[in-house]
Amino acid sequence: MPPISKISKDMILKSGLEIIKNDGIDNLNVRNIAKKLNCSTQPIMYHYKNMELLKEELYNIADSYHSEFLMKENSNNNPLLNIGLQYIKFAEQEKNLFKFLFQSDKFSNFNFEDLLNNNEDGLKYIFEIMKRETKLTNKDLKENFKLLFITAHGLASLLANNSITYDEKYCKKILEDAFSRAL
């Protein structure tokens, strides 16, 4: 019977997530995880037969963390505006995680319509808010959501890539303008 590994999957995932957060996805590899855990590469390869399996689990963890971040309460009375601002703040505060989630090749085989249609359950809460705030049809809700998402994602991408500096008032004004025009 092989010896019990002292390195658990949770330890590997925690170390992998730290590497992504601090150094970016390009620095995530078995050697760097092993170095962080002060072990050989063997325990990591025991738990994960390849890096793609590990990246997939890390992606799911990062995605859950991102979803929790979006739902944090804020002083805004507009929940849709709050989600947009949180999305932008996430890109500012967690640049490498944002890039891992939204600027990798994860969605390279999808167009925007596919992503929207395949994620209706994940967007259900946002669509409920939009429906409550407006009298739009489901088709119009999706069209307006696209405009709002592209605005928020554009600002977030600029922040994550250090192309602009974070100014909460400016971001809020841009989103408010986009929201008022779209809705």
# chains A, B, ... in the order shown; residues from 1 in each chain; ligands from 1

$ closest_atom_pairs --of "segment 128-163 of chain A" --to "segment 99-112 of chain A" --cutoff "9 Å" --atoms "only C-alpha atoms" --output "tab-separated table"
residue	atom	partner	partner_atom	distance
A:Lys146	CA	A:Phe112	CA	8.5
A:Ser157	CA	A:Lys99	CA	8.1
A:Ala160	CA	A:Lys99	CA	7.0
A:Asn161	CA	A:Lys99	CA	8.3

$ select_by_dssp --residues "segment 39-106 of chain A" --states "alpha helix (DSSP H)" --output "ChimeraX atom specification"
/A:42-47,51-70,79-93,95-102

$ closest_residue --among "A:Asn117, A:Leu80, A:Thr165, A:Gln86" --to "Glu133 of chain A" --atoms "only C-alpha atoms"
A:Leu80

$ closest_residue --among "A:Leu85, A:Ile19, A:Ile7, A:Ile126" --to "Lys72 of chain A" --atoms "only C-alpha atoms"
A:Leu85

$ residues_around --residues "Leu81 of chain A" --least-positions-apart "4" --cutoff "9 Å" --atoms "only C-alpha atoms" --output "ChimeraX atom specification"
/A:76-77,85-86,172,175-176,179

$ write_last_selection --atoms "all heavy atoms" --output "short mmCIF file (atom, residue, chain, number, x, y, z; two decimals), in the first residue's frame"
data_model
loop_
_atom_site.label_atom_id
_atom_site.label_comp_id
_atom_site.auth_asym_id
_atom_site.auth_seq_id
_atom_site.Cartn_x
_atom_site.Cartn_y
_atom_site.Cartn_z
N ASN A 76 -25.38 51.41 -2.78
CA ASN A 76 -26.22 51.80 -3.91
C ASN A 76 -27.61 51.21 -3.76
O ASN A 76 -27.77 50.07 -3.37
CB ASN A 76 -25.63 51.30 -5.23
CG ASN A 76 -24.29 51.95 -5.52
OD1 ASN A 76 -24.18 53.16 -5.46
ND2 ASN A 76 -23.30 51.14 -5.80
N ASN A 77 -28.61 51.99 -4.09
CA ASN A 77 -29.98 51.50 -4.06
C ASN A 77 -30.31 50.69 -5.30
O ASN A 77 -31.33 50.02 -5.35
CB ASN A 77 -30.97 52.67 -3.92
CG ASN A 77 -30.85 53.34 -2.58
OD1 ASN A 77 -30.49 52.71 -1.59
ND2 ASN A 77 -31.15 54.63 -2.53
N LEU A 85 -20.56 47.74 -10.53
CA LEU A 85 -19.44 48.34 -9.80
C LEU A 85 -18.57 47.27 -9.14
O LEU A 85 -17.34 47.39 -9.12
CB LEU A 85 -19.95 49.34 -8.77
CG LEU A 85 -20.49 50.66 -9.33
CD1 LEU A 85 -21.16 51.48 -8.24
CD2 LEU A 85 -19.38 51.46 -9.99
N GLN A 86 -19.20 46.24 -8.60
CA GLN A 86 -18.45 45.16 -7.98
C GLN A 86 -17.61 44.42 -9.03
O GLN A 86 -16.48 44.00 -8.76
CB GLN A 86 -19.37 44.18 -7.26
CG GLN A 86 -19.96 44.72 -5.96
CD GLN A 86 -18.89 45.07 -4.95
OE1 GLN A 86 -18.60 46.24 -4.70
NE2 GLN A 86 -18.29 44.07 -4.36
N LYS A 172 -18.72 54.80 -11.69
CA LYS A 172 -20.15 54.84 -11.35
C LYS A 172 -20.91 55.71 -12.35
O LYS A 172 -21.99 55.33 -12.81
CB LYS A 172 -20.33 55.38 -9.92
CG LYS A 172 -21.76 55.36 -9.44
CD LYS A 172 -21.86 55.82 -8.00
CE LYS A 172 -23.30 55.79 -7.54
NZ LYS A 172 -23.46 56.23 -6.16
N LEU A 175 -21.26 53.84 -15.68
CA LEU A 175 -22.29 52.80 -15.58
C LEU A 175 -23.70 53.39 -15.48
O LEU A 175 -24.63 52.89 -16.13
CB LEU A 175 -22.02 51.89 -14.39
CG LEU A 175 -20.84 50.95 -14.51
CD1 LEU A 175 -20.72 50.08 -13.26
CD2 LEU A 175 -20.94 50.07 -15.74
N GLU A 176 -23.85 54.44 -14.69
CA GLU A 176 -25.17 55.07 -14.58
C GLU A 176 -25.64 55.59 -15.94
O GLU A 176 -26.80 55.43 -16.31
CB GLU A 176 -25.15 56.21 -13.54
CG GLU A 176 -25.11 55.72 -12.13
CD GLU A 176 -24.90 56.84 -11.12
OE1 GLU A 176 -24.37 57.91 -11.48
OE2 GLU A 176 -25.26 56.62 -9.96
N PHE A 179 -26.57 52.58 -18.01
CA PHE A 179 -27.81 51.99 -17.51
C PHE A 179 -29.02 52.82 -17.93
O PHE A 179 -30.02 52.29 -18.38
CB PHE A 179 -27.79 51.85 -15.99
CG PHE A 179 -26.84 50.81 -15.47
CD1 PHE A 179 -26.58 50.71 -14.12
CD2 PHE A 179 -26.19 49.93 -16.32
CE1 PHE A 179 -25.69 49.77 -13.63
CE2 PHE A 179 -25.31 48.97 -15.85
CZ PHE A 179 -25.07 48.89 -14.50
#

$ atom_distance --atom1 "atom CA of His153 of chain A" --atom2 "atom CA of Met130 of chain A"
17.8 Å

$ residues_around --residues "Tyr166 of chain A" --least-positions-apart "2" --cutoff "10 Å" --atoms "only C-alpha atoms" --output "list in words"
Ile88, Lys89, Ala91, Glu92, Gln93, Leu155, Ala156, Leu158, Leu159, Ala160, Asn162, Ser163, Ile164, Glu168, Lys169, Tyr170 and Cys171 of chain A

$ residues_around --residues "segment 35-38 of chain A" --least-positions-apart "5" --cutoff "12 Å" --atoms "only C-alpha atoms" --output "PyMOL selection string"
chain A and resi 6-19+27-30+43-44

$ atom_distance --atom1 "atom CA of Ala152 of chain A" --atom2 "atom CA of Lys95 of chain A"
14.8 Å

$ atom_distance --atom1 "atom CA of Leu123 of chain A" --atom2 "atom CA of Asn82 of chain A"
14.7 Å

$ residues_around --residues "Arg181 of chain A" --least-positions-apart "6" --cutoff "12 Å" --atoms "only C-alpha atoms" --output "list in words"
Asn144, Phe145, Leu147, Leu148, Thr151, Ile174 and Leu175 of chain A
